[in-house]
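First comes the structure, then the notes that go with it.
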Amino acid sequence: MKLLTHNMLTSNIIKGVTKGFPLGIQVSKLEEKSVDFNPDFVARMIPKIDWSALKQAASDVGKGDEIPADIVPQYEQNEDFLKKAHHVLMEIEVIEGELVCPESGRKFPVSNGIPNMLLNEDEV
Amino acid sequence: MSTPDISHIKSSDYQLIYEPAEDSFLFLDALLQDINFIRNLRPVTCLEIGSGSGIVSTFLAKELGCPVLSICTDINPHATEVTKKTGLQNGISLEPVLTDLVNGLGERLKSNVDVLLFNPPYVVTPSEEVGSHGIEASWAGGKCGREVIDRVLPLVPNLLSKIGVFYMVVIKENRPDEICSILMKSGFTMVTVLSRRSGPEFLSILRFTRVDYR
Ligand SMILES: C[S@@+](CC[C@H](N)C(=O)[O-])C[C@H]1O[C@@H](n2cnc3c(N)ncnc32)[C@H](O)[C@@H]1O
């Protein structure tokens, strides 16, 4: 699971959880994979990203200092910024670990790079 | 066109997950026919519900030839595993999520999905057969084959971006006209991209776009 995908996951599917975002990450296996850098794609993805959640996710996996705390102005033309965003969004993958609901503490396992968001009947 | 390489999937896998069949291949043909239309949307996010082997999302990502975020959900854990592998086998990075429909993704993907793909369990079966996490989930559609489809339709207007397009597979028994009128109420228009008879099934690929987008 890329941090880009993590940015799209919430746990407010659990009964009683209102926001459920961002999910904490407890990682036991992380991989870095190189992905072709496409500045246009990254720039068009940025508006869909919750940046503070991305920053937090990066910190959770020990990569917090690889991106700035905020989106920079005119990022579309800022190749340095886009490259950092690309790296953190696209190249860092959680292979094994757990995603943690910020409100209930419910853990969602990630195994083989795949998050398991299935709930038990009594949770919905 | 090149059909994705699925030679890594063993016959033992097909005891656990849906083996690409006529419906899957008709879906690929329809996406290929529409590929310029889809490319011109300049999609950023694609979402497939029920990716099974992953053949459809792999095909689309390959044919588009530009990067997209391809999130693939399935309720069957083996399907999510195979989806990931099928992507990699074809040089495509898919992002599988094990979940029921789009649970856990619906909030953040709201108005963000540019291409939504769905080849549902569409076979007419007794209602009791719906809701498994195993291979039965590949086909069991309950009454009119609509029980899973009818849970997805209300999600479509929320998920799709302004330019978003929704493709789905249906058989005649699913009553495509009724599906059309359900989504028409939310401001969508339908086109039948392709139809084909395969044994007892009359399959169609439907495409929905927002009426007010031109
Ligand atoms: C007809 S198969 C299509 C597989 C693949 N997309 C293809 O075209 O070959 C339907 C898929 O939907 C999945 N599915 C069924 N119910 C689901 C649900 N509630 N949530 C997510 N996936 C589901 C099944 O496990 C199966 O993989």
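By order of appearance in the structure tokens: chains A, B, ..., then residues from 1 within every chain, and ligands from 1 in the order shown.
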
Quick check for you: according to DSSP on this backbone, which residues of segment 3-83 of chain A are classed as alpha helix (DSSP H)? Reply as a list in words. Leu3, Leu4, Thr5, His6, Pro39, Asp40, Phe41, Val42, Ala43, Arg44, Met45, Trp51, Ser52, Ala53, Leu54, Lys55, Gln56, Ala57, Ala58, Ser59, Asp60, Glu79, Asp80, Phe81, Leu82 and Lys83 of chain A

Tell me the residues of chain A close to chain B, meaning within 6 Å using only C-alpha atoms, as a VMD selection string. chain A and resid 8 to 11 114 to 118

Limited to N, CA and C atoms, could you put the picked residues into a file as a CSV table (one decimal), in the first residue's frame?
```csv
chain,number,residue,atom,x,y,z
A,8,MET,N,-6.3,7.9,1.4
A,8,MET,CA,-7.7,7.8,0.9
A,8,MET,C,-8.6,6.9,1.9
A,9,LEU,N,-8.0,6.4,2.9
A,9,LEU,CA,-8.7,5.5,3.8
A,9,LEU,C,-9.1,6.1,5.1
A,10,THR,N,-10.4,5.8,5.5
A,10,THR,CA,-10.9,6.3,6.8
A,10,THR,C,-11.6,5.1,7.5
A,11,SER,N,-11.7,5.3,8.8
A,11,SER,CA,-12.3,4.2,9.6
A,11,SER,C,-13.7,4.6,10.1
A,114,ILE,N,-1.5,-5.3,1.4
A,114,ILE,CA,-2.9,-5.1,1.2
A,114,ILE,C,-3.7,-4.8,2.5
A,115,PRO,N,-4.3,-3.6,2.6
A,115,PRO,CA,-5.0,-3.3,3.8
A,115,PRO,C,-6.3,-4.0,3.9
A,116,ASN,N,-6.7,-4.5,5.0
A,116,ASN,CA,-7.9,-5.2,5.2
A,116,ASN,C,-8.9,-4.3,6.0
A,117,MET,N,-9.9,-3.8,5.3
A,117,MET,CA,-10.8,-2.9,5.9
A,117,MET,C,-12.1,-3.6,6.3
A,118,LEU,N,-12.2,-4.9,6.2
A,118,LEU,CA,-13.4,-5.6,6.5
A,118,LEU,C,-13.7,-5.5,8.0
```

As number ranges by chain, please: every protein or nucleic acid residue near ligand 1 (cut-off 8 Å, counting only C-alpha atoms and all ligand atoms). B: 17-21, 23-25, 27, 48-57, 73-76, 79, 98-102, 118-122, 130-140, 148

Grab the residues selected above and save them as a compact mmCIF listing (two decimals), in the first residue's frame with N, CA and C atoms.
```
# COMPACT_ATOMS: atom_id res chain seq x y z
N ILE B 17 -10.88 -17.71 -6.91
CA ILE B 17 -11.24 -16.40 -7.47
C ILE B 17 -11.84 -16.56 -8.86
N TYR B 18 -12.47 -15.49 -9.33
CA TYR B 18 -13.14 -15.50 -10.63
C TYR B 18 -12.14 -15.55 -11.77
N GLU B 19 -12.31 -16.55 -12.62
CA GLU B 19 -11.45 -16.65 -13.80
C GLU B 19 -12.01 -15.75 -14.89
N PRO B 20 -11.16 -14.89 -15.48
CA PRO B 20 -11.66 -14.01 -16.54
C PRO B 20 -12.44 -14.80 -17.58
N ALA B 21 -13.62 -14.31 -17.90
CA ALA B 21 -14.51 -15.03 -18.81
C ALA B 21 -15.07 -14.03 -19.83
N ASP B 23 -17.55 -12.11 -19.94
CA ASP B 23 -17.94 -10.80 -19.41
C ASP B 23 -16.69 -9.91 -19.24
N SER B 24 -15.63 -10.51 -18.69
CA SER B 24 -14.39 -9.75 -18.49
C SER B 24 -13.85 -9.27 -19.84
N PHE B 25 -13.87 -10.18 -20.83
CA PHE B 25 -13.28 -9.83 -22.13
C PHE B 25 -14.13 -8.81 -22.88
N PHE B 27 -15.73 -6.54 -21.37
CA PHE B 27 -15.39 -5.32 -20.64
C PHE B 27 -14.10 -4.72 -21.23
N GLU B 48 -11.81 0.33 -9.17
CA GLU B 48 -12.58 -0.84 -9.59
C GLU B 48 -13.15 -1.54 -8.37
N ILE B 49 -14.44 -1.81 -8.43
CA ILE B 49 -15.10 -2.56 -7.35
C ILE B 49 -15.19 -4.02 -7.80
N GLY B 50 -14.63 -4.91 -7.00
CA GLY B 50 -14.67 -6.34 -7.34
C GLY B 50 -13.70 -6.69 -8.44
N SER B 51 -12.40 -6.49 -8.19
CA SER B 51 -11.41 -6.62 -9.26
C SER B 51 -11.06 -8.06 -9.59
N GLY B 52 -11.40 -9.02 -8.73
CA GLY B 52 -11.14 -10.44 -9.04
C GLY B 52 -9.67 -10.68 -9.36
N SER B 53 -9.40 -11.14 -10.58
CA SER B 53 -8.02 -11.39 -11.01
C SER B 53 -7.23 -10.10 -11.21
N GLY B 54 -7.93 -8.97 -11.36
CA GLY B 54 -7.26 -7.69 -11.62
C GLY B 54 -7.09 -7.39 -13.09
N ILE B 55 -7.66 -8.25 -13.95
CA ILE B 55 -7.42 -8.13 -15.39
C ILE B 55 -7.94 -6.81 -15.96
N VAL B 56 -9.06 -6.33 -15.44
CA VAL B 56 -9.68 -5.14 -16.04
C VAL B 56 -8.88 -3.88 -15.70
N SER B 57 -8.54 -3.71 -14.43
CA SER B 57 -7.77 -2.52 -14.04
C SER B 57 -6.38 -2.54 -14.65
N THR B 73 -10.90 -2.79 -5.23
CA THR B 73 -11.41 -3.44 -4.03
C THR B 73 -11.93 -4.84 -4.38
N ASP B 74 -11.89 -5.70 -3.40
CA ASP B 74 -12.60 -6.98 -3.50
C ASP B 74 -12.90 -7.46 -2.09
N ILE B 75 -13.96 -8.23 -1.98
CA ILE B 75 -14.35 -8.75 -0.67
C ILE B 75 -13.67 -10.09 -0.41
N ASN B 76 -13.04 -10.64 -1.45
CA ASN B 76 -12.38 -11.94 -1.38
C ASN B 76 -10.87 -11.73 -1.23
N ALA B 79 -8.65 -12.72 -4.08
CA ALA B 79 -8.76 -11.84 -5.24
C ALA B 79 -7.85 -10.62 -5.09
N LEU B 98 -8.85 -4.79 0.59
CA LEU B 98 -9.80 -5.84 0.95
C LEU B 98 -10.95 -5.19 1.72
N THR B 99 -12.10 -5.10 1.07
CA THR B 99 -13.22 -4.44 1.74
C THR B 99 -14.53 -4.79 1.04
N ASP B 100 -15.62 -4.44 1.69
CA ASP B 100 -16.95 -4.59 1.11
C ASP B 100 -17.24 -3.34 0.27
N LEU B 101 -17.41 -3.52 -1.02
CA LEU B 101 -17.63 -2.43 -1.98
C LEU B 101 -16.55 -1.36 -1.85
N VAL B 102 -16.89 -0.18 -1.28
CA VAL B 102 -15.87 0.87 -1.16
C VAL B 102 -15.73 1.31 0.30
N PHE B 118 -16.89 -1.65 -12.75
CA PHE B 118 -17.62 -2.63 -11.93
C PHE B 118 -18.15 -3.76 -12.81
N ASN B 119 -17.57 -4.93 -12.63
CA ASN B 119 -18.15 -6.14 -13.22
C ASN B 119 -18.73 -6.92 -12.04
N PRO B 120 -20.02 -6.74 -11.80
CA PRO B 120 -20.62 -7.23 -10.55
C PRO B 120 -20.90 -8.72 -10.59
N PRO B 121 -21.17 -9.29 -9.41
CA PRO B 121 -21.83 -10.60 -9.39
C PRO B 121 -23.25 -10.37 -9.88
N TYR B 122 -23.51 -10.76 -11.12
CA TYR B 122 -24.78 -10.37 -11.76
C TYR B 122 -25.74 -11.53 -11.99
N VAL B 130 -26.01 -14.63 -1.65
CA VAL B 130 -25.30 -13.36 -1.71
C VAL B 130 -24.61 -13.11 -0.37
N GLY B 131 -23.41 -12.51 -0.41
CA GLY B 131 -22.78 -12.07 0.83
C GLY B 131 -21.63 -12.95 1.27
N SER B 132 -21.21 -13.91 0.44
CA SER B 132 -20.05 -14.73 0.81
C SER B 132 -18.77 -13.94 0.57
N HIS B 133 -17.67 -14.41 1.13
CA HIS B 133 -16.36 -13.81 0.87
C HIS B 133 -15.52 -14.72 -0.01
N GLY B 134 -16.14 -15.78 -0.50
CA GLY B 134 -15.41 -16.74 -1.32
C GLY B 134 -15.77 -16.61 -2.79
N ILE B 135 -15.56 -17.66 -3.53
CA ILE B 135 -15.76 -17.58 -4.99
C ILE B 135 -17.22 -17.35 -5.36
N GLU B 136 -18.15 -17.77 -4.49
CA GLU B 136 -19.57 -17.54 -4.79
C GLU B 136 -19.86 -16.05 -4.96
N ALA B 137 -19.07 -15.21 -4.27
CA ALA B 137 -19.25 -13.76 -4.38
C ALA B 137 -18.98 -13.25 -5.79
N SER B 138 -18.35 -14.10 -6.61
CA SER B 138 -18.04 -13.69 -7.98
C SER B 138 -19.28 -13.60 -8.83
N TRP B 139 -20.24 -14.46 -8.54
CA TRP B 139 -21.40 -14.47 -9.43
C TRP B 139 -22.72 -14.22 -8.71
N ALA B 140 -22.85 -14.60 -7.43
CA ALA B 140 -24.17 -14.60 -6.80
C ALA B 140 -24.75 -13.19 -6.68
N VAL B 148 -26.24 -6.96 -5.29
CA VAL B 148 -24.98 -6.23 -5.06
C VAL B 148 -24.97 -4.95 -5.91
```

Give me, as a count of residues only, all polymer residues having an atom no more than 10 Å from Gly24 of chain A, counting only C-alpha atoms and skipping those fewer than 6 positions away in the same chain. 15

Residue contacts of Glu103 of chain A (10 Å, only C-alpha atoms) excluding same-chain residues fewer than 2 positions away, as an MDAnalysis selection string: chainID A and resid 11:12 14 16:23 100:101 105:106

Selection to disk with N, CA and C atoms, as a PDB file, in the first residue's frame:
```pdb
ATOM      1  N   SER A  11     -11.710   5.305   8.812  1.00  0.00           N
ATOM      2  CA  SER A  11     -12.333   4.232   9.598  1.00  0.00           C
ATOM      3  C   SER A  11     -13.699   4.638  10.137  1.00  0.00           C
ATOM      4  N   ASN A  12     -14.297   5.694   9.559  1.00  0.00           N
ATOM      5  CA  ASN A  12     -15.626   6.086  10.055  1.00  0.00           C
ATOM      6  C   ASN A  12     -16.727   5.140   9.579  1.00  0.00           C
ATOM      7  N   ILE A  14     -16.774   2.361  11.039  1.00  0.00           N
ATOM      8  CA  ILE A  14     -17.060   1.698  12.316  1.00  0.00           C
ATOM      9  C   ILE A  14     -18.159   2.468  13.027  1.00  0.00           C
ATOM     10  N   GLY A  16     -20.059   4.484  15.495  1.00  0.00           N
ATOM     11  CA  GLY A  16     -19.635   5.390  16.559  1.00  0.00           C
ATOM     12  C   GLY A  16     -18.397   6.209  16.236  1.00  0.00           C
ATOM     13  N   VAL A  17     -17.716   5.884  15.158  1.00  0.00           N
ATOM     14  CA  VAL A  17     -16.527   6.668  14.786  1.00  0.00           C
ATOM     15  C   VAL A  17     -16.972   7.757  13.812  1.00  0.00           C
ATOM     16  N   THR A  18     -16.621   9.026  14.112  1.00  0.00           N
ATOM     17  CA  THR A  18     -17.145  10.102  13.284  1.00  0.00           C
ATOM     18  C   THR A  18     -16.244  10.465  12.110  1.00  0.00           C
ATOM     19  N   LYS A  19     -14.953  10.637  12.391  1.00  0.00           N
ATOM     20  CA  LYS A  19     -14.057  11.062  11.304  1.00  0.00           C
ATOM     21  C   LYS A  19     -13.162   9.904  10.878  1.00  0.00           C
ATOM     22  N   GLY A  20     -12.506   9.287  11.831  1.00  0.00           N
ATOM     23  CA  GLY A  20     -11.686   8.117  11.514  1.00  0.00           C
ATOM     24  C   GLY A  20     -10.568   8.404  10.546  1.00  0.00           C
ATOM     25  N   PHE A  21      -9.949   9.569  10.681  1.00  0.00           N
ATOM     26  CA  PHE A  21      -8.923   9.981   9.728  1.00  0.00           C
ATOM     27  C   PHE A  21      -8.002  10.999  10.371  1.00  0.00           C
ATOM     28  N   PRO A  22      -6.696  10.928  10.096  1.00  0.00           N
ATOM     29  CA  PRO A  22      -6.011   9.865   9.365  1.00  0.00           C
ATOM     30  C   PRO A  22      -5.780   8.644  10.243  1.00  0.00           C
ATOM     31  N   LEU A  23      -5.692   7.487   9.586  1.00  0.00           N
ATOM     32  CA  LEU A  23      -5.375   6.259  10.299  1.00  0.00           C
ATOM     33  C   LEU A  23      -3.897   6.265  10.663  1.00  0.00           C
ATOM     34  N   VAL A 100      -4.353   2.156  12.344  1.00  0.00           N
ATOM     35  CA  VAL A 100      -5.025   2.304  13.629  1.00  0.00           C
ATOM     36  C   VAL A 100      -6.053   3.430  13.566  1.00  0.00           C
ATOM     37  N   CYS A 101      -7.290   3.091  13.895  1.00  0.00           N
ATOM     38  CA  CYS A 101      -8.358   4.092  13.943  1.00  0.00           C
ATOM     39  C   CYS A 101      -8.036   5.108  15.039  1.00  0.00           C
ATOM     40  N   GLY A 105      -9.183   3.087  18.224  1.00  0.00           N
ATOM     41  CA  GLY A 105      -8.014   2.240  18.405  1.00  0.00           C
ATOM     42  C   GLY A 105      -8.103   0.925  17.640  1.00  0.00           C
ATOM     43  N   ARG A 106      -9.223   0.674  16.959  1.00  0.00           N
ATOM     44  CA  ARG A 106      -9.400  -0.546  16.147  1.00  0.00           C
ATOM     45  C   ARG A 106      -8.265  -0.624  15.125  1.00  0.00           C
TER      46      ARG A 106
END
```

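Take the candidates A:Leu30, A:Ser104, A:Ser111, A:Leu54 and check each one against Lys15 of chain A using only C-alpha atoms; the shortest distance goes to A:Ser104.
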
For the strand (DSSP E or B) assignment from backbone DSSP, which residues of chain A qualify? Please present them as number ranges by chain. A: 2, 24-32, 92-100, 107-111, 114-116

What would the file look like if the residues just selected were written as an mmCIF file, in the first residue's frame with N, CA, C and O atoms?
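Output file again02.cif is given in full below:
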```
data_model
loop_
_atom_site.group_PDB
_atom_site.id
_atom_site.type_symbol
_atom_site.label_atom_id
_atom_site.label_comp_id
_atom_site.auth_asym_id
_atom_site.auth_seq_id
_atom_site.Cartn_x
_atom_site.Cartn_y
_atom_site.Cartn_z
ATOM 1 N N LYS A 2 0.633 2.051 -1.015
ATOM 2 C CA LYS A 2 1.352 3.317 -1.081
ATOM 3 C C LYS A 2 0.753 4.291 -0.063
ATOM 4 O O LYS A 2 -0.421 4.195 0.280
ATOM 5 N N GLY A 24 -3.603 5.922 11.923
ATOM 6 C CA GLY A 24 -2.202 5.772 12.302
ATOM 7 C C GLY A 24 -1.595 4.579 11.579
ATOM 8 O O GLY A 24 -2.321 3.693 11.139
ATOM 9 N N ILE A 25 -0.284 4.600 11.427
ATOM 10 C CA ILE A 25 0.374 3.450 10.788
ATOM 11 C C ILE A 25 1.403 2.863 11.746
ATOM 12 O O ILE A 25 2.270 3.582 12.242
ATOM 13 N N GLN A 26 1.268 1.570 12.021
ATOM 14 C CA GLN A 26 2.311 0.845 12.743
ATOM 15 C C GLN A 26 2.905 -0.123 11.743
ATOM 16 O O GLN A 26 2.237 -1.064 11.306
ATOM 17 N N VAL A 27 4.141 0.152 11.362
ATOM 18 C CA VAL A 27 4.695 -0.613 10.243
ATOM 19 C C VAL A 27 5.718 -1.615 10.741
ATOM 20 O O VAL A 27 6.523 -1.318 11.618
ATOM 21 N N SER A 28 5.637 -2.845 10.213
ATOM 22 C CA SER A 28 6.690 -3.801 10.538
ATOM 23 C C SER A 28 7.541 -4.112 9.314
ATOM 24 O O SER A 28 8.655 -4.594 9.440
ATOM 25 N N LYS A 29 6.999 -3.833 8.118
ATOM 26 C CA LYS A 29 7.820 -3.975 6.912
ATOM 27 C C LYS A 29 7.453 -2.884 5.909
ATOM 28 O O LYS A 29 6.286 -2.734 5.529
ATOM 29 N N LEU A 30 8.481 -2.135 5.529
ATOM 30 C CA LEU A 30 8.297 -1.017 4.602
ATOM 31 C C LEU A 30 9.165 -1.298 3.384
ATOM 32 O O LEU A 30 10.247 -1.862 3.509
ATOM 33 N N GLU A 31 8.683 -0.918 2.194
ATOM 34 C CA GLU A 31 9.547 -1.052 1.018
ATOM 35 C C GLU A 31 9.574 0.253 0.267
ATOM 36 O O GLU A 31 8.613 1.005 0.263
ATOM 37 N N GLU A 32 10.721 0.521 -0.372
ATOM 38 C CA GLU A 32 10.791 1.672 -1.270
ATOM 39 C C GLU A 32 11.000 1.144 -2.671
ATOM 40 O O GLU A 32 11.882 0.337 -2.915
ATOM 41 N N ILE A 92 6.917 4.909 -1.401
ATOM 42 C CA ILE A 92 7.015 4.268 -0.092
ATOM 43 C C ILE A 92 5.791 3.373 0.104
ATOM 44 O O ILE A 92 4.654 3.829 -0.016
ATOM 45 N N GLU A 93 6.039 2.094 0.365
ATOM 46 C CA GLU A 93 4.922 1.161 0.492
ATOM 47 C C GLU A 93 4.940 0.428 1.831
ATOM 48 O O GLU A 93 5.961 -0.117 2.236
ATOM 49 N N VAL A 94 3.803 0.431 2.466
ATOM 50 C CA VAL A 94 3.645 -0.363 3.688
ATOM 51 C C VAL A 94 3.319 -1.787 3.254
ATOM 52 O O VAL A 94 2.310 -2.024 2.582
ATOM 53 N N ILE A 95 4.177 -2.726 3.608
ATOM 54 C CA ILE A 95 3.962 -4.119 3.198
ATOM 55 C C ILE A 95 3.296 -4.906 4.337
ATOM 56 O O ILE A 95 2.342 -5.637 4.110
ATOM 57 N N GLU A 96 3.832 -4.740 5.541
ATOM 58 C CA GLU A 96 3.237 -5.424 6.693
ATOM 59 C C GLU A 96 3.055 -4.398 7.803
ATOM 60 O O GLU A 96 3.937 -3.560 8.029
ATOM 61 N N GLY A 97 1.944 -4.493 8.497
ATOM 62 C CA GLY A 97 1.728 -3.590 9.617
ATOM 63 C C GLY A 97 0.257 -3.473 9.952
ATOM 64 O O GLY A 97 -0.533 -4.349 9.607
ATOM 65 N N GLU A 98 -0.065 -2.367 10.616
ATOM 66 C CA GLU A 98 -1.450 -2.158 11.009
ATOM 67 C C GLU A 98 -1.827 -0.700 10.840
ATOM 68 O O GLU A 98 -0.999 0.188 11.054
ATOM 69 N N LEU A 99 -3.071 -0.469 10.474
ATOM 70 C CA LEU A 99 -3.614 0.885 10.428
ATOM 71 C C LEU A 99 -4.485 1.035 11.674
ATOM 72 O O LEU A 99 -5.254 0.129 12.004
ATOM 73 N N VAL A 100 -4.353 2.156 12.344
ATOM 74 C CA VAL A 100 -5.025 2.304 13.629
ATOM 75 C C VAL A 100 -6.053 3.430 13.566
ATOM 76 O O VAL A 100 -5.728 4.578 13.228
ATOM 77 N N LYS A 107 -7.680 -1.813 15.023
ATOM 78 C CA LYS A 107 -6.567 -1.986 14.095
ATOM 79 C C LYS A 107 -7.007 -2.729 12.837
ATOM 80 O O LYS A 107 -7.738 -3.715 12.922
ATOM 81 N N PHE A 108 -6.553 -2.232 11.711
ATOM 82 C CA PHE A 108 -6.800 -2.879 10.422
ATOM 83 C C PHE A 108 -5.470 -3.420 9.921
ATOM 84 O O PHE A 108 -4.538 -2.640 9.686
ATOM 85 N N PRO A 109 -5.383 -4.749 9.756
ATOM 86 C CA PRO A 109 -4.091 -5.304 9.330
ATOM 87 C C PRO A 109 -3.747 -4.956 7.876
ATOM 88 O O PRO A 109 -4.635 -4.842 7.038
ATOM 89 N N VAL A 110 -2.455 -4.787 7.638
ATOM 90 C CA VAL A 110 -1.953 -4.690 6.265
ATOM 91 C C VAL A 110 -1.062 -5.907 6.084
ATOM 92 O O VAL A 110 -0.102 -6.079 6.835
ATOM 93 N N SER A 111 -1.394 -6.776 5.131
ATOM 94 C CA SER A 111 -0.490 -7.895 4.909
ATOM 95 C C SER A 111 -0.261 -8.074 3.423
ATOM 96 O O SER A 111 -1.182 -7.870 2.617
ATOM 97 N N ILE A 114 -1.510 -5.263 1.387
ATOM 98 C CA ILE A 114 -2.946 -5.063 1.164
ATOM 99 C C ILE A 114 -3.660 -4.757 2.480
ATOM 100 O O ILE A 114 -3.659 -5.590 3.395
ATOM 101 N N PRO A 115 -4.270 -3.586 2.595
ATOM 102 C CA PRO A 115 -5.017 -3.268 3.819
ATOM 103 C C PRO A 115 -6.339 -4.028 3.862
ATOM 104 O O PRO A 115 -6.999 -4.188 2.840
ATOM 105 N N ASN A 116 -6.676 -4.501 5.046
ATOM 106 C CA ASN A 116 -7.926 -5.230 5.249
ATOM 107 C C ASN A 116 -8.888 -4.341 6.036
ATOM 108 O O ASN A 116 -8.744 -4.168 7.244
#
```

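Shell of segment 183-198 of chain B at 7 Å, with only C-alpha atoms counted and residues fewer than 5 places along the chain excluded, is Glu22, Ala30, Pro157, Leu203, Ser204, Ile205, Leu206, Arg207, Phe208, Thr209, Arg210 and Val211 of chain B.
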